[in-house]
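Content type mmCIF, C-alpha atoms and all ligand atoms, from the file final_27.cif:
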```cif
data_coords
#
loop_
_atom_site.label_atom_id
_atom_site.label_comp_id
_atom_site.auth_asym_id
_atom_site.auth_seq_id
_atom_site.Cartn_x
_atom_site.Cartn_y
_atom_site.Cartn_z
CA LEU F 1 -12.15 127.51 176.11
CA GLY F 2 -11.68 124.11 177.67
CA LYS F 3 -9.50 121.31 176.50
CA LEU F 4 -11.52 118.13 176.36
CA ARG F 5 -10.66 115.22 178.65
CA LYS F 6 -13.08 112.80 177.06
CA ALA F 7 -14.09 112.13 173.47
CA ALA F 8 -17.13 114.19 172.51
CA ARG F 9 -19.12 112.61 169.70
CA VAL F 10 -21.79 115.20 169.09
CA ILE F 11 -24.75 115.47 166.73
CA LEU F 12 -26.47 118.79 166.10
CA VAL F 13 -30.17 118.46 165.29
CA GLY F 14 -32.57 121.27 164.52
CA PRO F 15 -34.88 122.62 161.84
CA PRO F 16 -33.35 124.21 158.75
CA GLY F 17 -32.24 127.72 159.55
CA CYS F 18 -31.91 127.07 163.30
CA GLY F 19 -28.24 127.99 163.21
CA LYS F 20 -26.64 124.54 163.11
CA GLY F 21 -23.90 125.81 160.79
CA THR F 22 -23.17 128.79 163.03
CA GLN F 23 -23.04 126.70 166.23
CA SER F 24 -20.95 124.08 164.54
CA GLY F 25 -18.39 126.69 163.44
CA ARG F 26 -18.19 128.11 166.94
CA LEU F 27 -17.80 124.69 168.58
CA LEU F 28 -14.99 123.81 166.20
CA ASP F 29 -13.31 127.04 167.12
CA HIS F 30 -13.88 126.91 170.88
CA PHE F 31 -13.04 123.25 171.42
CA LYS F 32 -10.82 122.51 168.43
CA LEU F 33 -13.29 119.89 167.26
CA SER F 34 -13.55 118.58 163.71
CA SER F 35 -16.84 118.18 161.96
CA ILE F 36 -18.71 116.74 159.04
CA SER F 37 -21.58 118.78 157.64
CA SER F 38 -23.77 116.60 155.45
CA GLY F 39 -25.14 119.64 153.59
CA ASP F 40 -21.65 121.04 152.88
CA LEU F 41 -20.43 117.62 151.79
CA LEU F 42 -23.38 117.26 149.42
CA ARG F 43 -22.91 120.76 148.03
CA GLN F 44 -19.21 119.98 147.39
CA ASN F 45 -20.27 116.89 145.44
CA VAL F 46 -22.81 118.93 143.48
CA ARG F 47 -20.18 121.54 142.60
CA ALA F 48 -17.67 118.87 141.56
CA LYS F 49 -20.40 117.10 139.54
CA THR F 50 -19.57 113.70 141.07
CA PRO F 51 -22.10 110.92 140.29
CA LEU F 52 -23.43 111.32 143.82
CA GLY F 53 -23.65 115.09 143.39
CA VAL F 54 -25.55 114.72 140.13
CA GLN F 55 -28.03 112.37 141.82
CA ALA F 56 -28.48 114.60 144.87
CA GLU F 57 -28.74 117.97 143.12
CA SER F 58 -32.36 117.92 142.03
CA ILE F 59 -33.55 116.50 145.36
CA MET F 60 -31.73 119.23 147.25
CA LYS F 61 -33.04 121.91 144.91
CA SER F 62 -36.58 120.79 145.59
CA GLY F 63 -36.10 120.76 149.37
CA GLY F 64 -36.49 116.99 149.72
CA LEU F 65 -34.22 114.55 151.53
CA VAL F 66 -31.46 112.66 149.76
CA HIS F 67 -31.98 108.89 149.94
CA ASP F 68 -30.86 107.22 153.18
CA SER F 69 -28.59 104.69 151.48
CA ILE F 70 -26.69 107.45 149.65
CA MET F 71 -26.34 109.49 152.81
CA VAL F 72 -25.15 106.59 154.94
CA LYS F 73 -22.55 105.63 152.36
CA LEU F 74 -21.36 109.22 152.09
CA ILE F 75 -21.11 109.93 155.81
CA VAL F 76 -19.83 106.55 156.99
CA GLY F 77 -17.24 106.72 154.20
CA GLU F 78 -16.14 110.13 155.45
CA LEU F 79 -16.09 108.98 159.08
CA SER F 80 -13.82 106.06 158.28
CA LYS F 81 -11.64 108.16 155.99
CA ARG F 82 -10.98 110.42 158.94
CA GLY F 83 -10.42 107.48 161.29
CA TRP F 84 -13.44 108.29 163.48
CA VAL F 85 -15.02 104.88 163.08
CA GLU F 86 -13.36 101.54 162.70
CA THR F 87 -14.01 99.69 159.51
CA ARG F 88 -16.10 96.65 160.34
CA GLY F 89 -14.24 93.37 160.54
CA ASN F 90 -10.99 95.28 160.50
CA MET F 91 -11.04 97.07 163.78
CA ALA F 92 -8.08 99.29 164.34
CA SER F 93 -7.05 99.61 167.95
CA GLY F 94 -8.89 102.81 168.91
CA LEU F 95 -5.84 103.36 171.09
CA CYS F 96 -5.28 106.69 172.69
CA LEU F 97 -1.65 107.50 173.13
CA THR F 98 -2.11 110.59 175.24
CA GLY F 99 -4.57 109.51 177.88
CA PRO F 100 -6.20 106.59 179.63
CA LEU F 101 -7.85 104.05 177.42
CA SER F 102 -11.43 103.57 178.37
CA VAL F 103 -13.53 101.94 175.77
CA ILE F 104 -17.28 102.12 175.57
CA SER F 105 -18.54 98.78 174.47
CA LYS F 106 -21.87 98.17 172.89
CA PRO F 107 -22.66 94.84 171.27
CA SER F 108 -23.82 96.29 167.97
CA ALA F 109 -21.17 98.96 167.57
CA PRO F 110 -17.42 98.63 167.34
CA ALA F 111 -15.56 100.05 170.34
CA ALA F 112 -15.16 103.81 170.23
CA SER F 113 -12.02 105.43 171.51
CA ASP F 114 -12.52 107.71 174.51
CA CYS F 115 -9.45 109.70 173.60
CA PRO F 116 -10.27 113.44 173.30
CA SER F 117 -8.63 113.54 169.87
CA ALA F 118 -11.35 111.13 168.71
CA SER F 119 -13.94 113.91 169.22
CA PHE F 120 -16.07 115.00 166.32
CA LEU F 121 -19.26 116.76 165.42
CA LEU F 122 -21.96 115.79 162.91
CA ASP F 123 -24.03 118.60 161.47
CA GLY F 124 -27.09 117.56 159.43
CA PHE F 125 -26.66 113.81 159.78
CA PRO F 126 -28.49 111.68 160.80
CA ARG F 127 -31.77 113.14 159.65
CA THR F 128 -34.03 110.06 159.60
CA GLN F 129 -34.58 107.08 161.91
CA SER F 130 -32.97 104.80 159.38
CA GLN F 131 -29.84 106.98 159.16
CA ALA F 132 -29.66 107.05 162.96
CA LYS F 133 -29.84 103.26 163.16
CA SER F 134 -27.07 102.90 160.58
CA LEU F 135 -24.92 105.33 162.54
CA ASP F 136 -25.62 103.45 165.80
CA GLU F 137 -24.08 100.39 164.19
CA GLU F 138 -20.87 102.26 163.45
CA VAL F 139 -20.27 104.36 166.53
CA GLN F 140 -22.00 105.35 169.72
CA MET F 141 -22.61 109.10 169.75
CA ASN F 142 -22.61 110.55 173.26
CA LEU F 143 -24.40 113.91 172.93
CA VAL F 144 -27.27 114.91 170.68
CA VAL F 145 -27.98 118.62 170.81
CA ASN F 146 -31.52 119.64 169.89
CA LEU F 147 -31.44 123.29 168.80
CA ASP F 148 -34.88 124.61 169.64
CA VAL F 149 -35.45 127.94 167.90
CA PRO F 150 -38.89 129.57 167.49
CA HIS F 151 -40.50 129.18 164.09
CA ASP F 152 -40.93 132.90 163.39
CA VAL F 153 -37.27 133.56 164.14
CA ILE F 154 -36.24 130.87 161.67
CA LEU F 155 -38.34 132.33 158.87
CA GLU F 156 -36.96 135.81 159.47
CA ARG F 157 -33.43 134.49 159.55
CA ILE F 158 -33.58 132.59 156.27
CA ALA F 159 -34.63 135.74 154.48
CA GLY F 160 -31.26 137.29 155.36
CA ARG F 161 -28.93 134.30 155.15
CA LEU F 162 -25.67 134.52 153.19
CA VAL F 163 -23.10 131.76 152.85
CA HIS F 164 -19.47 131.40 151.88
CA GLU F 165 -19.90 128.28 149.77
CA PRO F 166 -16.34 126.88 149.78
CA SER F 167 -16.09 126.83 153.60
CA GLY F 168 -19.75 126.62 154.60
CA ARG F 169 -19.40 129.73 156.82
CA VAL F 170 -22.79 131.30 157.40
CA TYR F 171 -23.68 134.97 157.89
CA ASN F 172 -26.88 136.91 158.27
CA THR F 173 -27.67 140.42 157.13
CA THR F 174 -29.29 141.21 160.50
CA TRP F 175 -27.95 138.92 163.24
CA ASN F 176 -24.46 137.97 162.22
CA LYS F 177 -23.18 140.43 159.64
CA PRO F 178 -19.93 139.88 157.78
CA MET F 179 -17.28 142.52 158.62
CA ASN F 180 -17.59 143.88 155.08
CA PRO F 181 -20.96 143.60 153.31
CA GLY F 182 -21.21 140.68 150.90
CA VAL F 183 -17.77 139.17 151.51
CA ASP F 184 -16.37 136.39 153.70
CA ASP F 185 -14.44 137.58 156.80
CA ILE F 186 -11.59 135.11 156.37
CA THR F 187 -11.00 134.89 152.62
CA GLY F 188 -12.60 138.10 151.32
CA GLU F 189 -14.45 136.01 148.73
CA PRO F 190 -18.05 136.83 147.74
CA LEU F 191 -20.99 135.53 149.78
CA THR F 192 -24.03 134.04 148.06
CA ARG F 193 -27.65 133.05 148.81
CA ARG F 194 -28.43 129.33 148.92
CA SER F 195 -30.75 128.37 146.10
CA ASP F 196 -32.81 126.21 148.48
CA ASP F 197 -33.50 129.21 150.73
CA GLN F 198 -36.30 130.39 148.39
CA PRO F 199 -39.54 130.56 150.43
CA GLU F 200 -41.29 127.63 148.72
CA THR F 201 -38.33 125.29 148.93
CA PHE F 202 -37.70 126.36 152.47
CA ALA F 203 -41.26 125.50 153.48
CA LYS F 204 -40.70 122.02 152.06
CA ARG F 205 -37.51 121.60 154.07
CA LEU F 206 -39.33 122.60 157.24
CA LYS F 207 -41.98 119.98 156.50
CA ALA F 208 -39.35 117.30 155.85
CA TYR F 209 -37.80 118.20 159.19
CA ALA F 210 -41.07 117.84 161.09
CA GLU F 211 -41.91 114.53 159.43
CA ALA F 212 -38.57 112.75 159.15
CA THR F 213 -36.20 114.31 161.64
CA GLU F 214 -38.27 115.23 164.69
CA PRO F 215 -38.89 111.53 165.49
CA LEU F 216 -35.11 111.20 165.88
CA LEU F 217 -35.27 113.23 169.05
CA GLU F 218 -37.24 110.47 170.72
CA HIS F 219 -34.76 107.86 169.49
CA TYR F 220 -31.88 109.72 171.15
CA ASP F 221 -33.90 110.61 174.22
CA LYS F 222 -34.47 106.91 174.83
CA ALA F 223 -30.73 106.35 174.41
CA GLY F 224 -30.18 108.94 177.16
CA VAL F 225 -28.01 111.30 175.09
CA LEU F 226 -30.49 114.04 174.12
CA TRP F 227 -30.00 117.58 175.40
CA THR F 228 -32.21 120.49 174.31
CA VAL F 229 -31.12 124.11 174.19
CA ARG F 230 -33.50 127.00 173.51
CA GLY F 231 -32.78 130.45 172.23
CA LYS F 232 -33.86 133.11 169.79
CA THR F 233 -30.40 133.99 168.60
CA SER F 234 -27.20 132.05 168.05
CA ASP F 235 -25.56 134.30 170.63
CA GLU F 236 -28.09 133.16 173.24
CA ILE F 237 -27.43 129.51 172.42
CA THR F 238 -23.63 129.46 172.14
CA PRO F 239 -22.78 130.08 175.83
CA GLN F 240 -25.27 127.41 176.94
CA LEU F 241 -23.83 124.92 174.48
CA ASP F 242 -20.24 125.72 175.43
CA ALA F 243 -21.08 125.25 179.11
CA GLU F 244 -22.72 121.89 178.45
CA ILE F 245 -19.75 120.61 176.44
CA GLN F 246 -17.42 121.75 179.22
CA ARG F 247 -19.56 120.10 181.86
CA ARG F 248 -19.68 116.77 180.04
CA PHE F 249 -16.31 116.45 178.38
CA ALA F 250 -13.76 118.97 179.68
P1 LIG F 301 -29.56 124.70 157.64
O1 LIG F 301 -28.26 124.65 156.92
O2 LIG F 301 -30.25 125.99 157.57
O3 LIG F 301 -29.54 124.11 159.01
P2 LIG F 301 -30.62 122.42 156.40
O4 LIG F 301 -30.35 121.65 157.64
O5 LIG F 301 -31.88 122.12 155.68
O6 LIG F 301 -30.59 123.90 156.76
P3 LIG F 301 -28.29 121.37 155.06
O7 LIG F 301 -27.99 120.55 156.26
O8 LIG F 301 -27.20 122.18 154.49
O9 LIG F 301 -29.48 122.38 155.32
O10 LIG F 301 -28.92 120.42 153.95
C1 LIG F 301 -29.28 120.90 152.67
C2 LIG F 301 -29.99 119.80 151.90
O11 LIG F 301 -29.13 118.67 151.74
C3 LIG F 301 -31.23 119.26 152.59
O12 LIG F 301 -32.37 120.02 152.32
C4 LIG F 301 -31.31 117.84 151.97
O13 LIG F 301 -31.83 117.88 150.66
C5 LIG F 301 -29.85 117.46 151.86
N1 LIG F 301 -29.37 116.73 153.07
C6 LIG F 301 -28.42 117.15 153.96
N2 LIG F 301 -28.22 116.23 154.92
C7 LIG F 301 -29.06 115.21 154.65
C8 LIG F 301 -29.34 113.97 155.28
N3 LIG F 301 -28.70 113.59 156.41
N4 LIG F 301 -30.28 113.17 154.71
C9 LIG F 301 -30.92 113.52 153.59
N5 LIG F 301 -30.71 114.67 152.94
C10 LIG F 301 -29.79 115.52 153.45
#
```
Before anything else, please render the file you have as structure tokens.
Ligand code: ATP
Amino acid sequence: LGKLRKAARVILVGPPGCGKGTQSGRLLDHFKLSSISSGDLLRQNVRAKTPLGVQAESIMKSGGLVHDSIMVKLIVGELSKRGWVETRGNMASGLCLTGPLSVISKPSAPAASDCPSASFLLDGFPRTQSQAKSLDEEVQMNLVVNLDVPHDVILERIAGRLVHEPSGRVYNTTWNKPMNPGVDDITGEPLTRRSDDQPETFAKRLKAYAEATEPLLEHYDKAGVLWTVRGKTSDEITPQLDAEIQRRFA
């Protein structure tokens, strides 16, 4: 698919099980984007038993949301590590060596490079108004994709979800089967169920989404960057999303 001409700074928002992980993987592949998945990053910390992972583990197990201050530190740290945001008070140039330099300026946020190589995708962050405000102070995101998937489809999907933990690749026993049952297509390693996909925990995650995350949509709608895509399957959504990214950035 298309090479980007402009920096795409994209957020994927949607209820748990809406296929954010699947769409994110496809976008990375189709547009050679890089991404940060807050859930994958947290799970890596849990596996490595870092202090942050130890703190987050029980909250994640119960289906609640990890505290905003922890999340902001984690994600902003990762963004600056990868050079996607300038460290405050120490602004690097944001220079693009391969294309025209056009800088979006916003009083509260440092200038963001418009160079296509400065494109990135956030999957699972921000998830609360407070996280969104903290992110606004770091960088101006220019597309927020609201993945609108019917409730009954989501419930059915979670029942069959399998993941390859090390990479975050997601499969489903009905919609998106691995080539060989129970193993990852790329590495051949075993696939597992996520412990927070148990029905009770999942119900709690859906509730957290409705209460904490849905209000974000209004925040980004007001900022003029919200775009909603509807579909029952990931395969229905992907072509619409690809076309929108092409239209805006390629
Ligand atoms: P899915 O992967 O099906 O879209 P999800 O969005 O609930 O579901 P993840 O994004 O992997 O799953 O997140 C798993 C858990 O990690 C969440 O239930 C929550 O406890 C924690 N978490 C992830 N991102 C955040 C965030 N931005 N703020 C607070 N907690 C988070």
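In this model, the gap between atom O10 of ligand LIG 301 (chain F) and atom CA of F:Pro51 comes to 18.0 Å.
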- [ ] Grab me every residue within 9 Å of ligand LIG 301 (chain F), counting all atoms listed in the file, and send it over as a count of residues only.
- [x] 55
TODO: Determine, counting only C-alpha atoms, every residue of protein, DNA or RNA that lies within 8 Å of (-38.1, 123.3, 174.8) in the file coordinates, then give the result as a ChimeraX atom specification.
DONE: /F:148,228-230
Prev. selection, C-alpha atoms, output as a PDB file, keeping the file's coordinate frame:
```
ATOM      1  CA  ASP F 148     -34.880 124.610 169.640  1.00  0.00           C
ATOM      2  CA  THR F 228     -32.210 120.490 174.310  1.00  0.00           C
ATOM      3  CA  VAL F 229     -31.120 124.110 174.190  1.00  0.00           C
ATOM      4  CA  ARG F 230     -33.500 127.000 173.510  1.00  0.00           C
TER       5      ARG F 230
END
```
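Take atom CA of F:Pro215 and atom CA of F:Asn172: the distance between them is 29.0 Å.
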TODO: Could you jot down the atom CA of F:Asp29 to atom CA of F:Asn142 separation for me, Å, one decimal place?
DONE: 19.9 Å
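Nearest residue to F:Leu12, choosing from F:Pro190, F:Val144, F:Gln246, F:Arg47 and counting only C-alpha atoms: F:Val144.
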- [ ] Do a neighbour search on F:Leu191 at 7 Å with all atoms listed in the file, toss out local chain neighbours closer than 3 positions, and write the hits as JSON, numbers by chain.
- [x] {"F": [162, 163, 164, 182, 183, 184]}
